[in-house]
Structure formats: C-alpha cells, structure tokens
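Asks: This is the content of entry.tsv (TSV, C-alpha atoms and all ligand atoms):
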chain	number	residue	atom	x	y	z
V	151	MET	CA	0.00	0.00	0.00
V	152	ALA	CA	2.73	2.45	1.02
V	153	TYR	CA	4.65	1.62	-2.17
V	154	GLY	CA	1.57	2.40	-4.26
V	155	VAL	CA	1.19	5.79	-2.59
V	156	GLU	CA	4.86	6.56	-3.15
V	157	TYR	CA	4.27	5.87	-6.84
V	158	LEU	CA	1.33	8.33	-6.80
V	159	VAL	CA	3.46	10.93	-5.00
V	160	ALA	CA	6.22	10.57	-7.60
V	161	ALA	CA	3.65	10.88	-10.42
V	162	GLY	CA	2.11	13.92	-8.69
V	163	LYS	CA	5.51	15.64	-8.44
V	164	LYS	CA	6.13	15.00	-12.14
V	165	ALA	CA	2.71	16.46	-12.95
V	166	VAL	CA	3.49	19.59	-10.89
V	167	HIS	CA	6.81	19.98	-12.71
V	168	ALA	CA	5.17	19.58	-16.15
V	169	MET	CA	2.40	22.00	-15.17
V	170	ARG	CA	4.89	24.64	-14.05
V	171	ARG	CA	6.92	24.33	-17.27
V	172	ARG	CA	3.75	24.67	-19.34
V	173	CYS	CA	2.65	27.71	-17.32
V	174	ILE	CA	6.03	29.36	-17.90
V	175	SER	CA	5.76	28.81	-21.66
V	176	LEU	CA	2.23	30.29	-21.62
V	177	HIS	CA	3.30	33.19	-19.33
V	178	LEU	CA	0.86	32.11	-16.64
V	179	SER	CA	2.07	33.00	-13.17
V	180	GLY	CA	-1.00	34.02	-11.16
V	181	PRO	CA	-1.19	31.98	-7.94
V	182	ALA	CA	-4.99	31.62	-8.23
V	183	THR	CA	-4.67	30.15	-11.74
V	184	MET	CA	-1.85	27.85	-10.64
V	185	CYS	CA	-3.93	26.58	-7.71
V	186	LYS	CA	-6.88	25.86	-10.01
V	187	LEU	CA	-4.59	23.99	-12.39
V	188	PHE	CA	-3.19	22.01	-9.45
V	189	ASP	CA	-6.72	20.94	-8.49
V	190	ILE	CA	-7.54	19.95	-12.07
V	191	LEU	CA	-4.27	18.33	-13.18
V	192	VAL	CA	-2.49	17.08	-10.06
V	193	LEU	CA	-5.12	16.38	-7.41
V	194	PRO	CA	-6.81	13.59	-9.45
V	195	ILE	CA	-3.42	11.83	-9.61
V	196	LEU	CA	-2.76	12.20	-5.89
V	197	SER	CA	-6.26	11.09	-4.94
V	198	TYR	CA	-6.31	8.03	-7.20
V	199	SER	CA	-7.89	5.19	-5.18
V	200	CYS	CA	-7.62	7.30	-2.03
V	201	GLU	CA	-10.88	5.60	-0.95
V	202	VAL	CA	-8.66	2.65	-0.04
V	203	TRP	CA	-5.42	4.10	1.32
V	204	ALA	CA	-6.24	7.58	2.66
V	205	VAL	CA	-8.06	6.21	5.73
V	206	ASN	CA	-4.59	5.76	7.21
V	207	PRO	CA	-3.39	9.29	8.11
V	208	LYS	CA	0.30	8.27	7.99
V	209	VAL	CA	-0.04	7.07	4.39
V	210	GLY	CA	-2.17	10.10	3.44
V	211	ALA	CA	0.49	12.46	4.82
V	212	LYS	CA	2.85	11.45	2.00
V	213	ALA	CA	0.44	12.84	-0.59
V	214	GLU	CA	-0.01	15.95	1.55
V	215	LEU	CA	3.67	16.80	1.02
V	216	VAL	CA	3.14	17.39	-2.70
V	217	GLN	CA	0.55	20.13	-2.12
V	218	ARG	CA	2.68	21.79	0.58
V	219	GLN	CA	5.81	21.81	-1.60
V	220	PHE	CA	3.82	23.22	-4.52
V	221	LEU	CA	2.38	26.05	-2.40
V	222	LYS	CA	5.75	26.89	-0.84
V	223	GLN	CA	7.37	27.08	-4.29
V	224	LEU	CA	4.51	29.30	-5.42
V	225	LEU	CA	5.11	31.70	-2.53
V	226	GLY	CA	8.90	31.45	-2.81
V	227	VAL	CA	9.36	30.58	0.87
V	228	ARG	CA	11.61	28.02	2.54
V	229	LYS	CA	10.66	24.36	2.94
V	230	SER	CA	10.76	24.82	6.71
V	231	THR	CA	8.05	27.52	6.67
V	232	THR	CA	5.14	26.71	8.99
V	233	ASN	CA	2.66	24.56	7.07
V	234	GLN	CA	-0.47	26.14	8.57
V	235	ILE	CA	0.68	29.61	7.52
V	236	VAL	CA	1.29	28.50	3.93
V	237	LEU	CA	-2.16	26.91	3.67
V	238	ALA	CA	-3.74	29.99	5.30
V	239	GLU	CA	-2.13	32.31	2.72
V	240	PHE	CA	-4.15	30.53	0.04
V	241	GLY	CA	-7.19	29.77	2.20
V	242	ARG	CA	-6.64	26.12	1.38
V	243	PHE	CA	-7.11	22.98	3.47
V	244	PRO	CA	-5.13	19.75	3.91
V	245	LEU	CA	-5.81	17.12	1.26
V	246	GLN	CA	-7.15	14.75	3.89
V	247	ILE	CA	-10.45	16.65	3.72
V	248	PRO	CA	-11.16	15.98	-0.02
V	249	PHE	CA	-9.75	12.46	0.53
V	250	TRP	CA	-12.34	11.77	3.25
V	251	LYS	CA	-15.05	13.17	0.98
V	252	GLN	CA	-14.19	10.47	-1.55
V	253	ILE	CA	-13.93	7.76	1.12
V	254	LEU	CA	-17.39	8.55	2.50
V	255	ARG	CA	-18.91	8.66	-0.98
V	256	TYR	CA	-17.44	5.23	-1.65
V	257	HIS	CA	-18.72	3.95	1.70
V	258	ASN	CA	-22.25	5.18	0.94
V	259	ARG	CA	-22.16	3.69	-2.57
V	260	VAL	CA	-21.27	0.27	-1.12
V	261	CYS	CA	-23.96	0.60	1.54
V	262	ALA	CA	-26.55	1.22	-1.18
V	263	LEU	CA	-25.71	-2.09	-2.92
V	264	PRO	CA	-27.94	-5.19	-2.51
V	265	ASN	CA	-27.01	-7.44	0.43
V	266	SER	CA	-26.10	-10.21	-2.00
V	267	ARG	CA	-23.13	-8.29	-3.37
V	268	LEU	CA	-19.74	-9.48	-2.16
V	269	ASP	CA	-18.37	-5.98	-1.45
V	270	LYS	CA	-21.48	-5.16	0.61
V	271	LEU	CA	-21.05	-8.38	2.61
V	272	ALA	CA	-17.38	-7.56	3.16
V	273	LEU	CA	-18.36	-4.14	4.49
V	274	LEU	CA	-21.03	-5.54	6.79
V	275	ASP	CA	-18.69	-8.15	8.23
V	276	GLY	CA	-17.29	-6.72	11.44
V	277	PHE	CA	-18.42	-3.16	10.77
V	278	TRP	CA	-21.81	-2.56	12.31
V	279	ASN	CA	-22.70	-2.12	15.96
V	280	SER	CA	-24.34	-5.55	16.09
V	281	ASN	CA	-20.92	-7.15	15.99
V	282	PRO	CA	-19.28	-8.00	19.31
V	283	PRO	CA	-16.62	-5.50	20.45
V	284	HIS	CA	-13.77	-8.02	20.22
V	285	ARG	CA	-14.55	-8.38	16.53
V	286	VAL	CA	-13.87	-4.68	15.96
V	287	GLU	CA	-10.71	-4.85	18.06
V	288	ALA	CA	-9.47	-7.73	15.93
V	289	LEU	CA	-9.93	-5.61	12.82
V	290	SER	CA	-7.85	-2.76	14.20
V	291	GLY	CA	-5.58	-1.23	11.56
V	292	ASN	CA	-7.62	-2.01	8.46
V	293	TRP	CA	-10.01	-0.02	6.27
V	294	ARG	CA	-13.17	-0.93	8.12
V	295	SER	CA	-11.81	-0.07	11.55
V	296	ASP	CA	-10.42	3.27	10.31
V	297	VAL	CA	-13.80	4.23	8.81
V	298	ARG	CA	-15.49	2.96	11.96
V	299	ARG	CA	-13.27	5.24	14.05
V	300	PHE	CA	-14.19	8.18	11.83
V	301	THR	CA	-17.93	7.51	12.09
V	302	ASP	CA	-17.62	7.06	15.86
V	303	THR	CA	-16.06	10.53	16.01
V	304	HIS	CA	-18.59	12.23	13.75
V	305	GLY	CA	-21.64	10.10	14.49
V	306	GLN	CA	-22.97	7.16	12.48
V	307	GLN	CA	-26.07	9.06	11.35
V	308	ILE	CA	-24.08	11.87	9.80
V	309	LEU	CA	-23.06	9.61	6.93
V	310	TYR	CA	-26.66	9.80	5.74
V	311	ASP	CA	-27.28	13.45	6.61
V	312	GLY	CA	-24.90	14.57	3.92
V	313	ILE	CA	-21.20	14.31	3.19
V	314	SER	CA	-21.02	18.04	2.53
V	315	ILE	CA	-21.95	18.66	6.19
V	316	ILE	CA	-19.03	16.49	7.33
V	317	VAL	CA	-16.66	18.28	4.96
V	318	GLU	CA	-17.77	21.69	6.22
V	319	ARG	CA	-17.38	20.56	9.83
V	320	LYS	CA	-13.86	19.27	9.18
V	321	LYS	CA	-12.97	22.58	7.51
V	322	ALA	CA	-14.41	24.51	10.45
V	323	ARG	CA	-12.40	22.34	12.86
V	324	TRP	CA	-9.21	22.99	10.88
V	325	VAL	CA	-9.82	26.75	10.98
V	326	GLY	CA	-10.63	26.53	14.70
V	327	ASP	CA	-7.34	24.70	15.38
V	328	PHE	CA	-5.52	27.27	13.25
V	329	LEU	CA	-6.99	30.16	15.25
V	330	LEU	CA	-6.37	28.55	18.63
V	331	ASP	CA	-2.92	26.99	18.10
V	332	THR	CA	-0.56	28.46	20.69
V	333	ASP	CA	2.43	26.16	20.16
V	334	HIS	CA	4.10	28.17	17.38
V	335	SER	CA	5.13	31.79	18.03
V	336	SER	CA	5.39	32.46	14.25
V	337	LEU	CA	1.83	31.23	13.76
V	338	GLN	CA	0.57	33.40	16.63
V	339	LEU	CA	2.19	36.49	15.11
V	340	TYR	CA	0.87	35.73	11.61
V	341	ARG	CA	-2.63	35.22	12.95
V	342	THR	CA	-2.56	38.41	15.01
V	343	VAL	CA	-1.27	40.65	12.21
V	344	TYR	CA	-2.82	39.20	9.06
V	345	LYS	CA	-5.87	37.13	9.92
V	346	ALA	CA	-7.26	38.23	13.28
V	347	LYS	CA	-8.65	41.50	11.94
V	348	TYR	CA	-10.88	39.75	9.45
V	349	SER	CA	-11.22	36.42	11.22
V	350	VAL	CA	-11.67	34.93	7.79
V	351	TYR	CA	-9.70	32.01	6.47
V	352	GLN	CA	-9.48	32.91	2.79
V	353	TYR	CA	-7.19	33.55	-0.17
V	354	SER	CA	-4.93	36.53	0.61
V	355	ASP	CA	-5.70	39.54	-1.60
V	356	TYR	CA	-2.08	40.53	-2.25
V	357	LEU	CA	-1.52	37.27	-4.17
V	358	SER	CA	-3.84	38.63	-6.87
V	359	THR	CA	-3.08	42.34	-6.70
V	360	VAL	CA	0.75	42.17	-6.64
V	361	ARG	CA	1.54	40.80	-10.08
V	362	CYS	CA	5.32	41.26	-10.02
V	363	TYR	CA	6.74	37.94	-8.72
V	364	PRO	CA	9.86	39.32	-6.95
V	365	HIS	CA	7.72	41.88	-5.10
V	366	ARG	CA	5.06	39.29	-4.25
V	367	ARG	CA	7.76	36.88	-3.05
V	368	LEU	CA	9.18	39.53	-0.72
V	369	ILE	CA	5.75	40.14	0.79
V	370	SER	CA	5.13	36.40	1.13
V	371	ARG	CA	8.47	35.82	2.85
V	372	PHE	CA	7.81	38.69	5.24
V	373	ARG	CA	4.29	37.51	6.08
V	374	CYS	CA	5.34	33.89	6.48
V	375	GLY	CA	8.20	34.76	8.85
V	376	CYS	CA	11.13	33.65	6.65
V	377	HIS	CA	12.53	37.14	6.12
V	378	GLY	CA	16.05	36.70	7.48
V	379	LEU	CA	15.58	38.95	10.53
V	380	HIS	CA	17.31	37.70	13.66
V	381	VAL	CA	14.05	36.48	15.15
V	382	ASP	CA	13.95	34.09	12.17
V	383	THR	CA	17.63	33.19	11.74
V	384	GLY	CA	18.70	33.28	15.38
V	385	ARG	CA	16.80	30.22	16.55
V	386	LEU	CA	20.03	28.25	17.01
V	387	GLY	CA	23.12	29.64	18.71
V	388	LYS	CA	26.76	28.78	17.90
V	389	ASP	CA	26.52	25.80	20.18
V	390	SER	CA	23.42	24.63	18.22
V	391	GLU	CA	21.25	25.16	21.28
V	392	HIS	CA	17.82	26.68	20.90
V	393	ARG	CA	17.61	30.39	21.70
V	394	SER	CA	14.47	31.87	23.16
V	395	ARG	CA	12.71	34.66	21.24
V	396	GLU	CA	13.96	37.27	23.77
V	397	GLU	CA	17.59	36.33	23.03
V	398	ARG	CA	17.33	37.08	19.30
V	399	VAL	CA	18.17	40.77	19.67
V	400	CYS	CA	18.90	43.25	16.87
V	401	LEU	CA	22.57	43.12	15.83
V	402	VAL	CA	22.21	46.14	13.51
V	403	CYS	CA	21.45	48.82	16.11
V	404	MET	CA	22.95	46.69	18.93
V	405	SER	CA	19.99	47.46	21.15
V	406	SER	CA	18.46	44.91	23.44
V	407	SER	CA	15.28	44.80	21.36
V	408	VAL	CA	14.24	41.62	19.62
V	409	GLU	CA	14.79	42.03	15.86
V	410	ASP	CA	11.29	41.10	14.79
V	411	GLU	CA	9.00	42.54	12.11
V	412	HIS	CA	7.74	45.41	14.28
V	413	HIS	CA	11.24	46.48	15.35
V	414	PHE	CA	12.51	46.32	11.74
V	415	LEU	CA	9.62	48.37	10.30
V	416	PHE	CA	8.88	50.90	13.03
V	417	ASP	CA	11.56	51.07	15.73
V	418	CYS	CA	15.11	50.24	14.60
V	419	PRO	CA	17.10	53.56	14.46
V	420	ALA	CA	19.44	52.11	11.83
V	421	TYR	CA	16.68	52.44	9.24
V	422	SER	CA	15.26	55.81	10.30
V	423	HIS	CA	16.70	57.54	7.16
V	424	ILE	CA	14.71	55.11	4.97
V	425	ARG	CA	11.64	55.55	7.13
V	426	GLN	CA	11.75	59.33	6.58
V	427	GLN	CA	11.25	58.77	2.84
V	428	PHE	CA	7.81	57.37	3.68
V	429	SER	CA	6.84	60.14	6.07
V	430	ILE	CA	3.45	60.47	4.39
V	431	TRP	CA	2.55	57.50	6.62
V	432	PRO	CA	2.23	59.18	10.04
V	433	HIS	CA	2.58	55.91	11.99
V	434	LEU	CA	6.12	55.47	10.56
V	435	GLN	CA	7.37	58.76	11.99
V	501	ZN	ZN	17.59	47.46	15.49
Hey, can you dump this file as structure tokens for me?
Ligand SMILES: [Zn+2]

Replies:
Amino acid sequence: MAYGVEYLVAAGKKAVHAMRRRCISLHLSGPATMCKLFDILVLPILSYSCEVWAVNPKVGAKAELVQRQFLKQLLGVRKSTTNQIVLAEFGRFPLQIPFWKQILRYHNRVCALPNSRLDKLALLDGFWNSNPPHRVEALSGNWRSDVRRFTDTHGQQILYDGISIIVERKKARWVGDFLLDTDHSSLQLYRTVYKAKYSVYQYSDYLSTVRCYPHRRLISRFRCGCHGLHVDTGRLGKDSEHRSREERVCLVCMSSSVEDEHHFLFDCPAYSHIRQQFSIWPHLQ
C-alpha cells in the first residue's frame, strides 16, 4: 500500500513539474490560476484510489507533502516555513479533507448495494454495531476499523445526513485549530497581524493584486516569517542550542530589542533615514 502511494506521490511531483513548465511557456504566473490547475491536473493523480489508502493518516500524509511543496514554491518561501501559515495564505485545506469526501462517498455507494453483493457483505462483516466489540478490536488497523473510528467521532447518522456537512465541519475544525494553536510563536504572530482582523480564512488579496513575482515573493516571505531577521535566523546559537525569542536581539542597532517585524519596520534607528522617505505615513514617523 505504502509503495503504491509513493508511486502516486512521484507521479504527482512529475505532474506539478510539467504544469509549471507549461505555465512558464504560456506566461501564466497568477497563484490563483496555478492553484486551479493544481486541483484539475495534479489532485486527481494524488487522490487516485484514495478511498482505499487515505483512511490511514500516515499514508495520506505522503500525498499531503506534494501540495505543501507546490504552495511553498509558489510563494517562494523556505521548505521549513510553517505549514499552517502556507495553507492559510491561500485559504486552502489539507488534502485529507477531499480524501475523506471520496472515502465517505465510496462507503455510501457500497452501503446502497444489494445485500447479496460481495463488497457489501465484506463491508457488513465486522463493521456494524451488532458485531461483538472483540470483533472490531481484531480488525484494528484495516479499512473498516479506520472508517469505523471516523464515524464514531462524527456520528454514524451523519453519513446519511450529507457528506457536505461532514466536509464543512472538518474545515471549520481545521480553521478553529488554526486560530487557537498556541504552540508556534510564528503562527501566533501571523494570525494576530494578518488574519485576526478579518477572522476569515481565505485567499490573501495581495496574491492577486501584486503581479510582479519578486515583489510578491518579498511580501510572502515577510508575512510567512522567513525574512532573514534575527528572530527568524537566530533560533540556534553557535553551540546549536535553541535560543528563546527574547535572546534574538537586533545586531544592527545593537539594542536589546528583539529584531522582529515590528522592530525592523517601526523602531530600529538604523533604518530611520529610509523611514523618513515614507513620512506620508504618520505611523512610521
Ligand atoms: Zn535594530
């Protein structure tokens, strides 16, 4: 199974590469267009037979890498950039959500088959509540038990209420986790500055309005926290030990202030002569 997914991942990467080359020859560089092309040309390859293998989150994560790498290349940010921030820039969701949409559709199609069909009998065997608990335990780690775990989480009845409801709930849960995640300082900053004001998880406007790629890349790198300021590059000291945020002070003005985005834009005296050129913005003075 894992080998089959690796084959799909390799095919997906080739498709991304071919798509990018074709876009360059056609002078297509808009991120929105590229994302649409990804969904049309690459996603069907990555999701091939995902009804079978994507129930296992570890296997599904391999396919997830292709989308993340594509989006990071599109923004021009480093591979180590926080994944949630990259997805949030485009208002996109992990592939596990469309994968589960296909899995549940497949499950409902099999359920609608006559009881005499072999695939329906295979599904019924060990799946429903009428089976003794030890039967389900024995099936741990296979397709039926993974789907069973999912339906236990979301409720058995919801399968028949509508798959779109489940998809919307999973999206809402992802956005909720994104808004409440307190483990990553870079994510907290990004959320506070760029998303908290609108509280909307959607495609960032600048990706459409800034058409010049080098300019757009600079903005993306700044927003995503891979800008090269000391707060970004000073995570590890000379002894390779992790430095706290407070220790990553500005080495340009040699003050004790942390060299973060706010200090660089508004406070650092080393850049005051540049700031004066933009004195039409009163908050920069
Ligand atoms: Zn400074």

Asks: Go through V:Gly241, V:Ile195, V:Asn233, V:Cys200 and flag the residue nearest V:Asp355, using all atoms listed in the file for the distances.

Replies: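 Comparing V:Gly241, V:Ile195, V:Asn233, V:Cys200 against V:Asp355, the winner is V:Gly241.
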
Asks: Measuring between only C-alpha atoms, which one of V:Arg218, V:Arg371, V:His177, V:Arg366 shows the shortest distance to V:Tyr340?

Replies: V:Arg371

Asks: Listing only residues of chain V within 10 Å of ligand ZN 501 (chain V), what is the closest atom pair and its distance in Å (to one decimal) for each, using only C-alpha atoms and all ligand atoms, sorted by chain and residue number ascending, as JSON lines?

Replies:
{"residue": "V:His380", "atom": "CA", "partner": "V:ZN501", "partner_atom": "ZN", "distance": 9.9}
{"residue": "V:Val399", "atom": "CA", "partner": "V:ZN501", "partner_atom": "ZN", "distance": 7.9}
{"residue": "V:Cys400", "atom": "CA", "partner": "V:ZN501", "partner_atom": "ZN", "distance": 4.6}
{"residue": "V:Leu401", "atom": "CA", "partner": "V:ZN501", "partner_atom": "ZN", "distance": 6.6}
{"residue": "V:Val402", "atom": "CA", "partner": "V:ZN501", "partner_atom": "ZN", "distance": 5.2}
{"residue": "V:Cys403", "atom": "CA", "partner": "V:ZN501", "partner_atom": "ZN", "distance": 4.1}
{"residue": "V:Met404", "atom": "CA", "partner": "V:ZN501", "partner_atom": "ZN", "distance": 6.4}
{"residue": "V:Ser405", "atom": "CA", "partner": "V:ZN501", "partner_atom": "ZN", "distance": 6.1}
{"residue": "V:Ser406", "atom": "CA", "partner": "V:ZN501", "partner_atom": "ZN", "distance": 8.4}
{"residue": "V:Ser407", "atom": "CA", "partner": "V:ZN501", "partner_atom": "ZN", "distance": 6.8}
{"residue": "V:Val408", "atom": "CA", "partner": "V:ZN501", "partner_atom": "ZN", "distance": 7.9}
{"residue": "V:Glu409", "atom": "CA", "partner": "V:ZN501", "partner_atom": "ZN", "distance": 6.1}
{"residue": "V:Asp410", "atom": "CA", "partner": "V:ZN501", "partner_atom": "ZN", "distance": 9.0}
{"residue": "V:His413", "atom": "CA", "partner": "V:ZN501", "partner_atom": "ZN", "distance": 6.4}
{"residue": "V:Phe414", "atom": "CA", "partner": "V:ZN501", "partner_atom": "ZN", "distance": 6.4}
{"residue": "V:Leu415", "atom": "CA", "partner": "V:ZN501", "partner_atom": "ZN", "distance": 9.6}
{"residue": "V:Phe416", "atom": "CA", "partner": "V:ZN501", "partner_atom": "ZN", "distance": 9.7}
{"residue": "V:Asp417", "atom": "CA", "partner": "V:ZN501", "partner_atom": "ZN", "distance": 7.0}
{"residue": "V:Cys418", "atom": "CA", "partner": "V:ZN501", "partner_atom": "ZN", "distance": 3.8}
{"residue": "V:Pro419", "atom": "CA", "partner": "V:ZN501", "partner_atom": "ZN", "distance": 6.2}
{"residue": "V:Ala420", "atom": "CA", "partner": "V:ZN501", "partner_atom": "ZN", "distance": 6.2}
{"residue": "V:Tyr421", "atom": "CA", "partner": "V:ZN501", "partner_atom": "ZN", "distance": 8.0}

Asks: Record the distance separating atom CA of V:Thr231 and atom CA of V:Glu411, expressed in Å with one decimal.

Replies: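 Going from atom CA of V:Thr231 over to atom CA of V:Glu411 covers 16.0 Å.
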
Asks: Could you check the closest approach to V:Arg373 for each of V:Arg341, V:Lys186, V:Arg393, V:Arg425 and tell me which residue wins, using all atoms listed in the file?

Replies: V:Arg341

Asks: So that I can see what lies close to stretch 201-211 of chain V, please list as a JSON list (two decimals) with C-alpha atoms, in the coordinates of the input the residues with an atom at most 6 Å from it, counting all atoms listed in the file and leaving out residues fewer than 5 positions away in the same chain.

Replies:
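As written to disk, around02.json reads:
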[["chain", "number", "residue", "atom", "x", "y", "z"],
["V", 252, "GLN", "CA", -14.19, 10.47, -1.55],
["V", 253, "ILE", "CA", -13.93, 7.76, 1.12],
["V", 296, "ASP", "CA", -10.42, 3.27, 10.31]]

Asks: Distance atom CA of V:Phe328-atom CA of V:Tyr356, one decimal place?

Replies: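 Straight-line distance from atom CA of V:Phe328 to atom CA of V:Tyr356 works out to 20.7 Å.
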
Asks: Tell me, in Å to one decimal, how far atom CA of V:Leu215 is from atom CA of V:Arg228.

Replies: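 Separating atom CA of V:Leu215 from atom CA of V:Arg228 is a distance of 13.8 Å.
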
Asks: For V:Ala238, which residue out of V:Leu178, V:Cys376, V:Cys261, V:Leu225 is the nearest one, using all atoms listed in the file?

Replies: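 Counting all atoms listed in the file, the residue closest to V:Ala238 is V:Leu225.
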
Asks: Hey, can you pull every residue with an atom no more than 12 Å from (-9.9, 16.0, 1.8), using only C-alpha atoms, and send it as number ranges by chain?

Replies: V: 189, 193-194, 196-197, 200-201, 204-205, 207, 210-211, 213-214, 217, 242-255, 313-314, 316-321, 324

Asks: List the neighbours of V:Ala182 out to 9 Å using only C-alpha atoms; skip same-chain residues closer than 2 positions along the sequence, and give me the result as a PyMOL selection string.

Replies: chain V and resi 179-180+184-187+240+353+357-358

Asks: May I have the protein, DNA and RNA residues with any atom at most 10 Å from the point (3.5, 34.9, -0.2), counting only C-alpha atoms, written as a VMD selection string?

Replies: chain V and resid 181 221 to 227 235 to 236 239 to 240 354 356 to 357 363 365 to 374

Asks: Nearest to V:Gly326 among V:Thr303, V:Leu273, V:Gln234, V:Glu156, with distances taken over all atoms listed in the file: which residue is it?

Replies: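 Nearest to V:Gly326: V:Gln234.
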
Asks: With distances taken over all atoms listed in the file, which residue among V:Asp275, V:Tyr198, V:Arg170, V:Lys212 lies nearest V:Arg294?

Replies: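 So, comparing all the options, the nearest one is V:Asp275.
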
Asks: List the spatial neighbours of V:Val192 as a list in words - criterion: any atom at most 9 Å away, all atoms listed in the file, same-chain residues fewer than 4 positions off excluded.

Replies: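 Once the nearby chain positions are removed, what remains is Ala161, Gly162, Lys163, Ala165, Val166, Met169, Leu187, Phe188, Leu196 and Ser197 of chain V.
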